[in-house]
Amino acid sequence: MKKKLVAAIMATAMVATMLTGCSSSGEQSTSKADVPTEPFGDTIKYDPSVEINNGEDISVELWEWGSDELFQQVIDGYTAIHPNVSIKLVNNPWEDYWTKLPLALDGENGPALFNVHNSYHENMINYMAPLDIPLEDLEADFTGVAAHVIDDKVYYIDYGMMTGSVYYNKEMWKEAGLTDDDIPKTWDEMREVAKKLTIKDGDKLIQAGLNFNDSFHQNYLLGLNYQLGETLFEEDGKTPKLNSDAMKQTMQMLIDMYKVDGVGSENFGEKDSDSFGQGQSAMVIQWGHYYNTLKTTWSNIDFGVFEIPTFDGNPYAYNRYNGESTFGVNKNAPEDQQAVAQDFVKYFLANDEAQIAFNLAMSTFPAKKSLADNEEILANPSLSVLSEHIDRYIWPGPMPSTMETSLKTAGQEIFFNGVDIDKALDDAQANAIRDMQSSTFVSVENLYEHAE
Amino acid sequence: MTNKAGKIIVNIVLLLLGIVTVYPFVWMVFSSFKENQEIMALEQSLLPQHFITENYINMNSRFDFLHFFTNSLFVAVTITVLVVYTSTICGYVLSKYRFRGRNLLFGFVLSTMMIPWCVTIIPRYSLIQTFGWMDSYKALIIPVMFSGFGIFNMRQNISAVPDEILEAARIDGANEFYIFHRIIFPMARNGIASIAIFQFLWAWEDYLWPYLVINTQEKQLLSVGLKMFSGQYSTDYGALFAATAISILPVLLIYLFFQKQFIAGIAASAVKG
C-alpha cells in the first residue's frame with residue numbers, strides 16, 4: 001500500500017512537471033526578419049537577388065553548441081531571402097561536440113556547416129573547405145584575417161575577439177572610499193587599490209582585494225609578457241618561452257601581491273571567478289565571457305569593468321586575445337550543399353545585425369572593422385573598455401593546451417610547495433617543449449600589427 | 001549480547017553509508033528549488049533560503065523536455081523488452097538444451113562482456129553509417145538487442161528450474177514454444193526483473209551513443225538533453241537539477257515496483273551454477 005502511494009506521488013509529480021513544462025514549449029518562435037532586397041555589407045557584399053541552388057529546394061545542416069536562438073535568428077534571416085533553402089540547426093553540448101563532429105565530417109553525411117573553435121583547429125582543418133570569398137575582401141572588412149591564411153586560403157576567420165579585463169565590485173569599491181578617479185592604469189596603482197580593497201581581521205583575510213586563483217596562468221602569465229615586450233614563442237614560432245624574463249617578472253609580481261601586499265591568498269577563494277560572484281573578492285581579471293556569467297549567475301553583484309593595467313602605460317601590447325570563429329564549410333559535403341554553406345557564411349559576414357548579435361552574446365569585440373564604434377557594442381562595458389586599444393592585443397595562434405597547463409603547474413608549485421620561480425618555470429618550459437614535439441602549431445605573433 | 005552489539009554497529013555503519021549515498025541526491029532535489037547564485041553561494045544550506053519553482057516551470061523554455069522524456073521512455077522500454085526476451089530465450093537454450101559447442105557458445109557470449117564498450121564505438125558507428133541507420137532509433141535499439149550480461153544472468157537463473165518440470169510438461173504434450181512462454185518465463189521472473197531494471201537503467205542513462213547517432217532534436221534522448229545545460233563557459237545548475245530530478249523518477253518507479261524480484265534475481269544468479 002505504502003509502495004503504491006509513493007509510486008502514485010512520484011508519477012503525479014512527473015506528469016505535473018511535464019505538463020507544466022509543456023506550457024512554455026510552444027513559445028519558441030521563429031523571428032520574422034525583414035527581407036532585404038538590396039545588396040548589403042562593406043567590402044564583402046551580399047546580394048539577396050542572386051538565387052541559390054537555382055531556386056530549387058535544398059536542405060543543409062548547421063551544427064553548433066550554445067544558444068539556439070542566436071543561430072536561429074541568422075538562419076531565419078537567410079531563409080527569408082532564400083525560401084528554397086532549409087537549414088536544420090543541430091545543437092550540441094560543448095564538450096562532446098568535438099568527439100561527434102570529426103566522426104560525422106569523416107563520412108558523407110556530415111553537416112555542410114558547423115561552428116568552429118580555434119582550440120580544435122588541428123582536428124578540424126582537414127575537413128574544411130576554403131572560404132569562397134577573396135582574401136583581400138576579408139582583410140578589408142575584418143581584423144586578424146592574416147593569421148588565418150593557409151597557403152593563400154582562408155578556412156575560417158574571427159568574428160570577435162575575446163580578452164581579459166578587470167572586473168570590480170562597485171559596492172566594495174565605494175566602501176573602500178574609492179571613486180572612478182582611482183581606476184588604476186598601471187600595475188603599481190592596481191596593487192595600491194587592491195590593498196585598499198582588502199579587509200582583514202588580524203591575520204585572517206575577510207575580503208580579497210584581488211583574486212587570481214585558478215586563472216593566473218591564463219589571465220596573467222599568458223598575456224602580461226606582451227606588455228613587457230616579450231612574445232610567447234621564439235622566432236621559429238614553435239619554441240615556447242615560458243621561462244623568459246617577462247614571465248619571471250610577472251610571476252614575481254603575482255607572488256608579491258599575495259605574499260608581500262597580502263591582497264589575496266592561494267587558500268582564499270578556490271576559483272577567482274566564483275569568489276568574485278560570492279562577494280568574497282573585490283577584483284578579478286576575467287575574459288569577456290565572464291560578463292555574461294555575472295549577468296546570469298551572479299546577478300546580485302553590482303560590478304564595473306576597466307581595462308587591464310600596464311607596467312609603464314606604453315606597452316608593446318596590452319594582452320593576448322582569442323578569436324571566436326566563423327562557421328566552417330564541410331569539404332566532404334555534396335557540392336550543392338557546399339554552395340549553400342559558402343553563401344550562408346558570406347551572408348553572415350556581410351550582415352551587421354548578425355555580427356553585433358553574436359559579439360554581444362559572446363562578449364567579444366567585433367573583428368568587423370566597421371563595427372568598432374557601434375553604439376550597441378560600446379554599450380557593453382566589457383567591450384567599451386577595449387575599444388581604445390583593441391589594435392594593441394595579440395593573438396598568438398591556436399596554442400596547444402600545454403602552454404596553459406604547464407604554467408598552471410608551475411604556479412601551483414610556487415604557491416603551494418614553495419618551489420623557486422626559476423626552477424618552476426624551467427620545468428614548465430621543458431614540459432611544454434616535450435608536449436609540443438608532435439604539434440604542427442606555428443605562432444602568428446609575427447603578424448601583430450605593431451610587431452617590432 | 002555481542003551479537004546484538006555487532007548488529008547495532010553494522011546498522012550504524014550501513015546507515016552512515018546510506019546517508020553518504022543518498023545525500024547528494026537529496027541535495028540535488030533541494031537545489032532544484034534554488035537560484036543559481038544560491039547553489040553556488042559560499043554559505044551552503046540544504047534547504048533553499050529562497051524557494052523558487054521557476055527551474056521546473058521554465059524547463060521547456062531551455063529544451064523540449066516532454067519530447068526528450070517520451071523519446072527516452074520509448075527507447076528504454078523497447079530495448080528492455082527486447083533484451084529481456086532475447087536474454088531469456090538464449091539463457092533457456094544455453095541452460096536446458098544439450099548440443100555440441102554449447103559451452104563454446106556460452107564462452108563467446110561471456111567474452112562479449114569483457115570488451116570495453118568504448119573500443120567498439122568507432123566500428124559500430126561505421127556500420128550504422130553503412131546501413132543508413134544514422135539519426136534513427138534503429139541505431140539505438142538493434143545493436144543492443146542481445147546482451148551478454150542478460151544471457152549470462154538468465155542462463156544462471158534458468159538453471160535453477162528443475163529439468164523434471166520441463167520433462168513433465170513435454171510428457172503432457174506441451175511444445176517447446178509453450179514450455180518457454182508458459183513455464184520458463186513465469187518461473188524466471190526474478191531474473192527477468194533484475195535484467196529489466198539493469199537494462200532499463202542503462203538504456204535510460206546512456207549518453208554517448210545516442211548523442212553520436214541521433215542528430216534531429218525531436219528524436220534526441222533526455223540524457224543528451226540534460227547535457228545541454230552545461231555550456232562552454234557556465235552551467236545552469238538550477239535547471240539542470242530540476243530536469244535531472246524529474247528524469248530519474250521513472251527509474252525509481254521501476255525499482256520500486258520490481259524491488260523484491262530484483263533482489264531475489266540477483267541473489268539467484270549469484271549462487272546458481
# chains A, B, ... in the order shown; residues from 1 in each chain; ligands from 1

$ residues_around --residues "A:His148" --least-positions-apart "3" --cutoff "9 Å" --atoms "only C-alpha atoms" --output "ChimeraX atom specification"
/A:144-145,153-158,397,444

$ select_by_dssp --residues "stretch 51-203 of chain B" --states "alpha helix (DSSP H)" --output "PyMOL selection string"
chain B and resi 54-57+59-62+65-96+102-114+121-131+138-141+148-158+163-171+176-178+185-187+189-203

$ residues_around --residues "A:Glu376" --least-positions-apart "4" --cutoff "9 Å" --atoms "only C-alpha atoms" --output "PyMOL selection string"
chain A and resi 356+360+380

$ residues_around --residues "B:Val161" --least-positions-apart "6" --cutoff "9 Å" --atoms "only C-alpha atoms" --output "PyMOL selection string"
chain B and resi 184+187-188

$ closest_residue --among "A:His121, A:Lys369, A:Lys100, A:Lys408" --to "chain B" --atoms "only C-alpha atoms"
A:Lys100

$ select_by_dssp --residues "stretch 76-149 of chain A" --states "strand (DSSP E)" --output "list in words"
Val85, Ser86, Ile87, Lys88, Leu89, Val90, Asn91, Asn92, Leu113, Phe114 and Val149 of chain A

$ closest_residue --among "A:Ile301, A:Leu242, A:Ala80, A:Ile58" --to "chain B" --atoms "only C-alpha atoms"
A:Ile301

$ residues_around --residues "B:Tyr237" --least-positions-apart "5" --cutoff "10 Å" --atoms "only C-alpha atoms" --output "PyMOL selection string"
(chain A and resi 297) or (chain B and resi 28+31-32+34-37+39-40+55+229-230+242-243)

$ decode --residues "stretch 185-285 of chain A" --atoms "C-alpha atoms" --output "PDB file, in the first residue's frame"
ATOM      1  CA  LYS A 185      46.225  52.442 -15.155  1.00  0.00           C
ATOM      2  CA  THR A 186      49.422  50.751 -14.010  1.00  0.00           C
ATOM      3  CA  TRP A 187      50.169  47.617 -12.012  1.00  0.00           C
ATOM      4  CA  ASP A 188      51.649  49.725  -9.195  1.00  0.00           C
ATOM      5  CA  GLU A 189      48.376  51.628  -8.942  1.00  0.00           C
ATOM      6  CA  MET A 190      46.464  48.360  -9.167  1.00  0.00           C
ATOM      7  CA  ARG A 191      48.376  46.961  -6.195  1.00  0.00           C
ATOM      8  CA  GLU A 192      47.646  50.065  -4.143  1.00  0.00           C
ATOM      9  CA  VAL A 193      43.948  49.884  -4.974  1.00  0.00           C
ATOM     10  CA  ALA A 194      43.911  46.171  -4.161  1.00  0.00           C
ATOM     11  CA  LYS A 195      45.425  46.904  -0.752  1.00  0.00           C
ATOM     12  CA  LYS A 196      42.652  49.394  -0.032  1.00  0.00           C
ATOM     13  CA  LEU A 197      40.032  46.853  -1.044  1.00  0.00           C
ATOM     14  CA  THR A 198      41.463  44.140   1.185  1.00  0.00           C
ATOM     15  CA  ILE A 199      39.795  43.542   4.539  1.00  0.00           C
ATOM     16  CA  LYS A 200      41.459  41.517   7.272  1.00  0.00           C
ATOM     17  CA  ASP A 201      40.570  40.525  10.800  1.00  0.00           C
ATOM     18  CA  GLY A 202      44.019  40.272  12.325  1.00  0.00           C
ATOM     19  CA  ASP A 203      45.822  37.876  10.006  1.00  0.00           C
ATOM     20  CA  LYS A 204      42.600  36.398   8.722  1.00  0.00           C
ATOM     21  CA  LEU A 205      41.580  37.502   5.257  1.00  0.00           C
ATOM     22  CA  ILE A 206      37.934  38.574   5.135  1.00  0.00           C
ATOM     23  CA  GLN A 207      37.845  40.172   1.697  1.00  0.00           C
ATOM     24  CA  ALA A 208      40.475  39.794  -1.009  1.00  0.00           C
ATOM     25  CA  GLY A 209      41.402  42.967  -2.848  1.00  0.00           C
ATOM     26  CA  LEU A 210      42.408  40.876  -5.848  1.00  0.00           C
ATOM     27  CA  ASN A 211      41.957  37.186  -6.513  1.00  0.00           C
ATOM     28  CA  PHE A 212      43.693  35.262  -9.286  1.00  0.00           C
ATOM     29  CA  ASN A 213      43.310  31.701  -8.025  1.00  0.00           C
ATOM     30  CA  ASP A 214      42.813  29.135 -10.771  1.00  0.00           C
ATOM     31  CA  SER A 215      43.218  31.676 -13.570  1.00  0.00           C
ATOM     32  CA  PHE A 216      46.653  33.234 -13.040  1.00  0.00           C
ATOM     33  CA  HIS A 217      48.139  31.180 -15.861  1.00  0.00           C
ATOM     34  CA  GLN A 218      45.509  32.154 -18.440  1.00  0.00           C
ATOM     35  CA  ASN A 219      44.800  35.713 -17.410  1.00  0.00           C
ATOM     36  CA  TYR A 220      48.198  36.979 -16.262  1.00  0.00           C
ATOM     37  CA  LEU A 221      51.144  34.804 -17.264  1.00  0.00           C
ATOM     38  CA  LEU A 222      49.978  34.226 -20.837  1.00  0.00           C
ATOM     39  CA  GLY A 223      49.440  37.866 -21.681  1.00  0.00           C
ATOM     40  CA  LEU A 224      51.392  40.250 -19.489  1.00  0.00           C
ATOM     41  CA  ASN A 225      54.596  39.119 -21.192  1.00  0.00           C
ATOM     42  CA  TYR A 226      53.441  41.202 -24.167  1.00  0.00           C
ATOM     43  CA  GLN A 227      53.266  44.312 -22.006  1.00  0.00           C
ATOM     44  CA  LEU A 228      56.960  43.759 -21.303  1.00  0.00           C
ATOM     45  CA  GLY A 229      57.746  43.361 -24.992  1.00  0.00           C
ATOM     46  CA  GLU A 230      58.236  39.598 -24.823  1.00  0.00           C
ATOM     47  CA  THR A 231      56.460  37.150 -27.118  1.00  0.00           C
ATOM     48  CA  LEU A 232      55.298  33.696 -26.018  1.00  0.00           C
ATOM     49  CA  PHE A 233      57.280  31.915 -28.724  1.00  0.00           C
ATOM     50  CA  GLU A 234      60.751  32.179 -30.210  1.00  0.00           C
ATOM     51  CA  GLU A 235      61.200  33.481 -33.751  1.00  0.00           C
ATOM     52  CA  ASP A 236      60.705  29.977 -35.156  1.00  0.00           C
ATOM     53  CA  GLY A 237      57.113  30.230 -33.910  1.00  0.00           C
ATOM     54  CA  LYS A 238      57.338  26.797 -32.316  1.00  0.00           C
ATOM     55  CA  THR A 239      59.571  27.035 -29.268  1.00  0.00           C
ATOM     56  CA  PRO A 240      57.762  28.375 -26.215  1.00  0.00           C
ATOM     57  CA  LYS A 241      59.311  30.977 -23.921  1.00  0.00           C
ATOM     58  CA  LEU A 242      57.730  30.050 -20.624  1.00  0.00           C
ATOM     59  CA  ASN A 243      60.870  30.810 -18.619  1.00  0.00           C
ATOM     60  CA  SER A 244      61.530  34.222 -20.155  1.00  0.00           C
ATOM     61  CA  ASP A 245      62.445  37.233 -18.024  1.00  0.00           C
ATOM     62  CA  ALA A 246      58.994  38.699 -18.666  1.00  0.00           C
ATOM     63  CA  MET A 247      57.342  35.542 -17.386  1.00  0.00           C
ATOM     64  CA  LYS A 248      59.534  35.594 -14.273  1.00  0.00           C
ATOM     65  CA  GLN A 249      58.749  39.255 -13.649  1.00  0.00           C
ATOM     66  CA  THR A 250      55.020  38.623 -13.942  1.00  0.00           C
ATOM     67  CA  MET A 251      55.188  35.595 -11.672  1.00  0.00           C
ATOM     68  CA  GLN A 252      57.178  37.594  -9.111  1.00  0.00           C
ATOM     69  CA  MET A 253      54.538  40.327  -9.199  1.00  0.00           C
ATOM     70  CA  LEU A 254      51.781  37.789  -8.534  1.00  0.00           C
ATOM     71  CA  ILE A 255      53.705  36.323  -5.607  1.00  0.00           C
ATOM     72  CA  ASP A 256      54.350  39.793  -4.178  1.00  0.00           C
ATOM     73  CA  MET A 257      50.662  40.673  -4.445  1.00  0.00           C
ATOM     74  CA  TYR A 258      49.742  37.723  -2.232  1.00  0.00           C
ATOM     75  CA  LYS A 259      52.815  37.333  -0.022  1.00  0.00           C
ATOM     76  CA  VAL A 260      54.004  40.954   0.381  1.00  0.00           C
ATOM     77  CA  ASP A 261      50.898  43.067  -0.194  1.00  0.00           C
ATOM     78  CA  GLY A 262      48.591  40.426   1.265  1.00  0.00           C
ATOM     79  CA  VAL A 263      45.732  41.378  -1.068  1.00  0.00           C
ATOM     80  CA  GLY A 264      44.720  37.745  -1.509  1.00  0.00           C
ATOM     81  CA  SER A 265      45.781  34.210  -0.806  1.00  0.00           C
ATOM     82  CA  GLU A 266      46.082  30.945  -2.670  1.00  0.00           C
ATOM     83  CA  ASN A 267      43.899  29.474   0.089  1.00  0.00           C
ATOM     84  CA  PHE A 268      41.190  32.122  -0.106  1.00  0.00           C
ATOM     85  CA  GLY A 269      38.519  31.521  -2.762  1.00  0.00           C
ATOM     86  CA  GLU A 270      39.411  28.434  -4.762  1.00  0.00           C
ATOM     87  CA  LYS A 271      38.293  29.949  -8.069  1.00  0.00           C
ATOM     88  CA  ASP A 272      38.602  33.681  -8.587  1.00  0.00           C
ATOM     89  CA  SER A 273      35.512  33.844 -10.808  1.00  0.00           C
ATOM     90  CA  ASP A 274      33.303  32.181  -8.176  1.00  0.00           C
ATOM     91  CA  SER A 275      34.915  34.081  -5.327  1.00  0.00           C
ATOM     92  CA  PHE A 276      34.037  37.401  -7.003  1.00  0.00           C
ATOM     93  CA  GLY A 277      30.458  36.259  -7.537  1.00  0.00           C
ATOM     94  CA  GLN A 278      30.240  35.112  -3.944  1.00  0.00           C
ATOM     95  CA  GLY A 279      31.157  38.620  -2.787  1.00  0.00           C
ATOM     96  CA  GLN A 280      34.457  37.429  -1.326  1.00  0.00           C
ATOM     97  CA  SER A 281      36.873  39.185  -3.663  1.00  0.00           C
ATOM     98  CA  ALA A 282      36.796  42.791  -4.840  1.00  0.00           C
ATOM     99  CA  MET A 283      38.640  42.458  -8.151  1.00  0.00           C
ATOM    100  CA  VAL A 284      39.366  39.724 -10.678  1.00  0.00           C
ATOM    101  CA  ILE A 285      40.745  39.647 -14.183  1.00  0.00           C
TER     102      ILE A 285
END
